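Below is one structure, written out as structure tokens, with a few remarks after it.
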Protein chains: 2
Amino acid sequence: MADGPTINTIAERAGVSIASVSRVLNGLPTRQDTVRKVMAAAEELGYVRNAVARSLKSRRTNQVAFAMADIGNPVYLAMVRQIQPVLKAAGYRLVLHSTDAIAADEIDVLHSLGERYVDGLIMSPLRVTGEHLKMIAAARAPVVIIGSVPEGTQVDNVRADSRTGVKLALDHLHALGRRRIGLVNGPLDTVPGASRAAAYAEALETLGLPYDEDLVEVGDFYRAEGARAAAALLARNPGVDALMCANDLIALGALDVLRASGRRVPQDVAVVGMDDTDLAAASWPSLTSVSLGSAERGKAAAELLLDRLQNGEREPRLVTVRPRLAVRASTSGAEPAVTLSRTDSNTEGEAS
Amino acid sequence: MADGPTINTIAERAGVSIASVSRVLNGLPTRQDTVRKVMAAAEELGYVRNAVARSLKSRRTNQVAFAMADIGNPVYLAMVRQIQPVLKAAGYRLVLHSTDAIAADEIDVLHSLGERYVDGLIMSPLRVTGEHLKMIAAARAPVVIIGSVPEGTQVDNVRADSRTGVKLALDHLHALGRRRIGLVNGPLDTVPGASRAAAYAEALETLGLPYDEDLVEVGDFYRAEGARAAAALLARNPGVDALMCANDLIALGALDVLRASGRRVPQDVAVVGMDDTDLAAASWPSLTSVSLGSAERGKAAAELLLDRLQNGEREPRLVTVRPRLAVRASTSGAEPAVTLSRTDSNTEGEAS
DNA sequence: CCAGCTCCGGTAAACGTTTACAGAAAACGT
DNA sequence: ACGTTTTCTGTAAACGTTTACCGGAGCTGG
């Protein structure tokens with residue numbers, strides 16, 4: 001781990017100036033003779049260009065950061081999975097930040113952009129405060145936000161459309177003849193919680209179904225909390241024939257409870273999850289789930305950022321990803337064929 | 001996004017030299033008066049220290065890389081989940097590399113260590129070639145390898161013990177009275193595939209059960225392949241009463257097939273997975289799985305690396321993580337209580 | 001044989017920090 | 001008041017690149 005060779009070492013060894021070395025290494029026009037000498041010296045010395053020095057001079061780090069609430073979350077994971085290859089193909093490295101859903105941490109990430117250790121940032125904040133907006137406006141590097149920001153915010157933005165997503169799910173349930181559709185939601189003070197509550201009410205209205213607040217239970221976005229909330233809802237309202245769950249984990253919790261209470265899914269109660277994570281396909285019965293396009297959002301965000309890194313000053317863009325409904329056994333009753341596409345599993349080599 | 005202020009800007013504004021500015025910013029002893037002036041100027045200008053320049057001078061980047069085969073893999077994911085907070089607490093950023101299980105890409109990562117864009121690397125190679133070993137020996141920054149390396153390799157190393165893991169599973173199945181235990185494995189030319197095959201044979205011998213090659217089927221580490229392999233094994237060998245699967249995805253595929261063929265799990269056939277990923281708890285019936293301690297391995301690797309970054313020259317260490325058996329319904333038949341610990345789910349906020 | 005070109009390569013400055021060194025200023029003792 | 005010690009600050013070099021600029025070498029044409 002001794003100090004590696006620099007262009008100076010090479011220059012000496014090859015008997016040329018460091019400028020020539022740099023030129024050769026960067027493929028700038030140079031006499032063949034010089035090229036050979038430099039290449040030979042570089043080869044012998046095992047030279048590798050120092051990325052830090054290069055970044056200092058060039059003012060580019062070839063790194064991009066992605067800040068999410070929690071790496072453990074399958075939703076963000078799906079995003080990373082898409083972001084990484086896009087960036088890699090363009091020659092960027094990915095720096096990961098897990099903010100643990102703490103607003104202060106997010107602000108911190110935004111602030112540290114000033115350190116210029118990355119060329120740009122993709123961020124998916126849990127909620128967007130005034131402080132966020134101020135920092136985004138003042139950011140010293142391009143930022144792409146995944147998630148809603150107030151109208152008129154000058155920033156590249158990728159959104160899901162959970163309103164339409166919920167509507168898709170409720171239409172589906174309605175078409176299956178379900179009329180007492182409960183909502184098991186997460187906290188109302190989060191962006192997703194709030195928007196799903198609103199979308200639920202709206203969709204019911206469109207369908208001509210009455211809004212009954214007994215059919216709504218607020219828990220949190222975890223399996224255990226989902227189970228608790230679903231149990232409470234069922235106890236209060238035994239006649240419910242479908243459960244719309246604000247995410248897949250909640251839905252898994254609901255499945256646990258329904259199973260324990262001896263109800264059949266979907267015959268007695270149909271269940272719909274949200275986010276369409278890997279877990280939805282793995283559960284039994286497999287879970288019908290609204291995909292809000294985490295993967296597409298990640299990809300779109302990465303592409304927006306790359307474009308911005310090349311184009312500097314263009315108008316901020318807004319990309320909205322269309323939701324899809326992945327129908328599975330928890331509503332339709334029919335299990336999909338056993339053969340699954342390879343893409344929803346992935347390499348599972350594991351070193352021992 | 002105009003050029004930000006540098007210590008020169010501050011020095012000018014505060015009427016002191018850049019050396020003083022640097023000292024104040026680094027908390028070195030300085031006259032109170034000077035401190036005040038510098039702080040005021042820095043504040044007014046919204047100064048943020050340039051990480052690249054600092055790195056160049058200090059020869060430290062405060063970044064660490066983690067190279068894995070595939071971010072989509074729950075096993076690596078569990079590692080990232082542990083590595084990230086450890087590094088973060090120590091003031092390091094995490095740079096992610098997904099090598100897509102391509103050896104050349106892994107070599108590339110090792111090579112790029114010479115660029116010094118990170119202070120160290122944690123790598124979990126799918127298989128370890130001579131080229132790997134050469135690069136590791138020549139690496140210009142500390143490396144920690146997750147996975148087996150040949151005896152005597154001078155490198156910090158964290159290993160799982162899949163031999164004991166398989167033994168745990170087979171003992172468990174044997175204790176439940178199962179005698180015709182099949183193995184659904186992944187490719188034999190991968191480290192995990194090979195070691196699991198060997199461990200299976202060994203465990204059978206210890207238990208006094210005959211090794212029957214009809215009971216072994218090789219597929220790949222995906223759900224669909226797992227299903228195919230399990231189907232082949234069952235067709236050839238209808239009397240099998242337990243399936244040891246080389247990972248959880250294979251096990252899920254096996255569950256699909258068993259269900260489709262009308263066999264009850266675990267009454268007719270017990271199933272054990274491996275890696276104990278989130279999917280194991282989510283599936284139905286929930287999957288008994290051998291945990292090879294991905295989380296612990298990640299944590300151990302991060303800690304080894306940090307220690308090495310501080311201690312420079314100490315002897316390489318080997319940490320072996322003990323496997324555990326997570327018994328669930330696919331062998332015991334009893335579903336766990338509905339309430340799950342919060343830790344196996346995680347925040348699922350999601351911006352829309 | 002020389003003006004005018006082109007082509008190369010070297011010198012040096014710059015990117016934004018940190019830090020060794022030395023000199024200035026302040027504090028102290030006698 | 002002076003030497004000595006202590007504390008502080010400024011100058012300049014260094015980290016390893018890239019690149020603007022300039023001068024020298026080699027050609028061409030007249």
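Note on naming: chains are A, B, ... as they come in the structure tokens, residues start from 1 per chain, ligands start from 1 in the order shown.
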Next on the checklist: For a quick test of understanding: name the residues of chain D lying within 8 Å of chain A when counting only C-alpha atoms (C1' of nucleotides), and present them as a PyMOL selection string.
Outcome noted: chain D and resi 15-18
Checklist entry - Skipping near chain neighbours, those fewer than 6 positions away, what residues fall within 7 Å of B:Ala270 using only C-alpha atoms (C1' of nucleotides), listed as a PyMOL selection string? => result chain B and resi 241-243+330-331
Listing only residues of chain C within 9 Å of chain B, what is the closest atom pair and its distance in Å (to one decimal) for each, using only C-alpha atoms (C1' of nucleotides), sorted by chain and residue number ascending, as a tab-separated table?
residue	atom	partner	partner_atom	distance
C:DC15	C1'	B:Ala53	CA	7.9
C:DG16	C1'	B:Ala53	CA	5.0
C:DT17	C1'	B:Arg54	CA	4.8
C:DT18	C1'	B:Lys57	CA	6.3
C:DT19	C1'	B:Ala19	CA	8.5
Would you save the residues of that selection, restricted to C-alpha atoms (C1' of nucleotides), as a PDB file, in the first residue's frame?
ATOM      1  C1'  DC C  15      -8.210  23.827  -8.928  1.00  0.00           C
ATOM      2  C1'  DG C  16      -9.150  24.587  -3.006  1.00  0.00           C
ATOM      3  C1'  DT C  17      -7.370  22.794   0.705  1.00  0.00           C
ATOM      4  C1'  DT C  18      -3.792  21.802   4.763  1.00  0.00           C
ATOM      5  C1'  DT C  19       0.378  22.590   7.136  1.00  0.00           C
TER       6       DT C  19
END
Checklist entry - Near C:DG23, within 12 Å and counting only C-alpha atoms (C1' of nucleotides), which residues show up once chain neighbours fewer than 5 positions away are dropped, as a ChimeraX atom specification? => result /D:8-11
Would you write out those residues with N, CA and C atoms (P, O5', C5', C4', C3', O3' and C1' of nucleotides), as an mmCIF file, in the first residue's frame?
data_model
loop_
_atom_site.group_PDB
_atom_site.id
_atom_site.type_symbol
_atom_site.label_atom_id
_atom_site.label_comp_id
_atom_site.auth_asym_id
_atom_site.auth_seq_id
_atom_site.Cartn_x
_atom_site.Cartn_y
_atom_site.Cartn_z
ATOM 1 P P DC D 8 -3.087 31.949 21.263
ATOM 2 O "O5'" DC D 8 -2.877 32.561 19.806
ATOM 3 C "C5'" DC D 8 -2.944 33.983 19.662
ATOM 4 C "C4'" DC D 8 -2.228 34.366 18.395
ATOM 5 C "C3'" DC D 8 -2.934 33.941 17.100
ATOM 6 O "O3'" DC D 8 -3.594 35.096 16.577
ATOM 7 C "C1'" DC D 8 -0.535 33.807 16.978
ATOM 8 P P DT D 9 -4.440 34.942 15.274
ATOM 9 O "O5'" DT D 9 -3.373 35.141 14.112
ATOM 10 C "C5'" DT D 9 -2.765 36.416 13.937
ATOM 11 C "C4'" DT D 9 -1.810 36.311 12.775
ATOM 12 C "C3'" DT D 9 -2.460 35.873 11.464
ATOM 13 O "O3'" DT D 9 -2.140 36.842 10.496
ATOM 14 C "C1'" DT D 9 -0.497 34.628 11.888
ATOM 15 P P DG D 10 -2.970 36.947 9.151
ATOM 16 O "O5'" DG D 10 -1.801 36.960 8.073
ATOM 17 C "C5'" DG D 10 -0.646 37.743 8.323
ATOM 18 C "C4'" DG D 10 0.524 37.190 7.534
ATOM 19 C "C3'" DG D 10 0.180 36.813 6.096
ATOM 20 O "O3'" DG D 10 1.172 37.354 5.237
ATOM 21 C "C1'" DG D 10 1.186 34.973 7.198
ATOM 22 P P DT D 11 1.014 37.223 3.674
ATOM 23 O "O5'" DT D 11 2.243 36.303 3.279
ATOM 24 C "C5'" DT D 11 3.456 36.348 4.028
ATOM 25 C "C4'" DT D 11 4.402 35.288 3.498
ATOM 26 C "C3'" DT D 11 4.230 34.942 2.022
ATOM 27 O "O3'" DT D 11 5.525 34.715 1.479
ATOM 28 C "C1'" DT D 11 3.924 32.998 3.303
#
Item to check | Those in stretch 133-199 of chain B with alpha helix (DSSP H) from DSSP, as a PyMOL selection string | outcome: chain B and resi 133-138+162-175+191-199
Can you write out the residues you just picked, keeping C-alpha atoms, as a CSV table (one decimal), in the first residue's frame?
chain,number,residue,atom,x,y,z
B,133,LEU,CA,-6.2,-12.7,-5.4
B,134,LYS,CA,-3.5,-10.9,-7.3
B,135,MET,CA,-5.5,-7.6,-7.4
B,136,ILE,CA,-6.3,-7.9,-3.7
B,137,ALA,CA,-2.7,-8.4,-2.8
B,138,ALA,CA,-1.7,-5.4,-4.9
B,162,SER,CA,-23.0,-22.9,5.1
B,163,ARG,CA,-21.7,-26.4,6.0
B,164,THR,CA,-23.0,-26.0,9.5
B,165,GLY,CA,-26.1,-24.3,8.1
B,166,VAL,CA,-27.0,-27.2,6.0
B,167,LYS,CA,-26.3,-29.5,8.9
B,168,LEU,CA,-28.7,-27.6,11.1
B,169,ALA,CA,-31.4,-27.9,8.6
B,170,LEU,CA,-30.9,-31.6,8.0
B,171,ASP,CA,-30.8,-32.3,11.7
B,172,HIS,CA,-34.0,-30.4,12.1
B,173,LEU,CA,-35.7,-32.4,9.3
B,174,HIS,CA,-34.3,-35.6,10.6
B,175,ALA,CA,-35.7,-34.8,14.1
B,191,VAL,CA,-19.0,-21.1,-4.3
B,192,PRO,CA,-22.3,-21.4,-2.5
B,193,GLY,CA,-23.5,-24.1,-4.9
B,194,ALA,CA,-20.5,-26.2,-4.4
B,195,SER,CA,-20.3,-25.8,-0.7
B,196,ARG,CA,-24.0,-26.7,-0.2
B,197,ALA,CA,-23.7,-29.8,-2.2
B,198,ALA,CA,-20.7,-31.0,-0.1
B,199,ALA,CA,-22.4,-30.0,3.1
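Picture a line from atom CA of B:Ile122 to atom CA of B:Asn185; it runs 26.9 Å.
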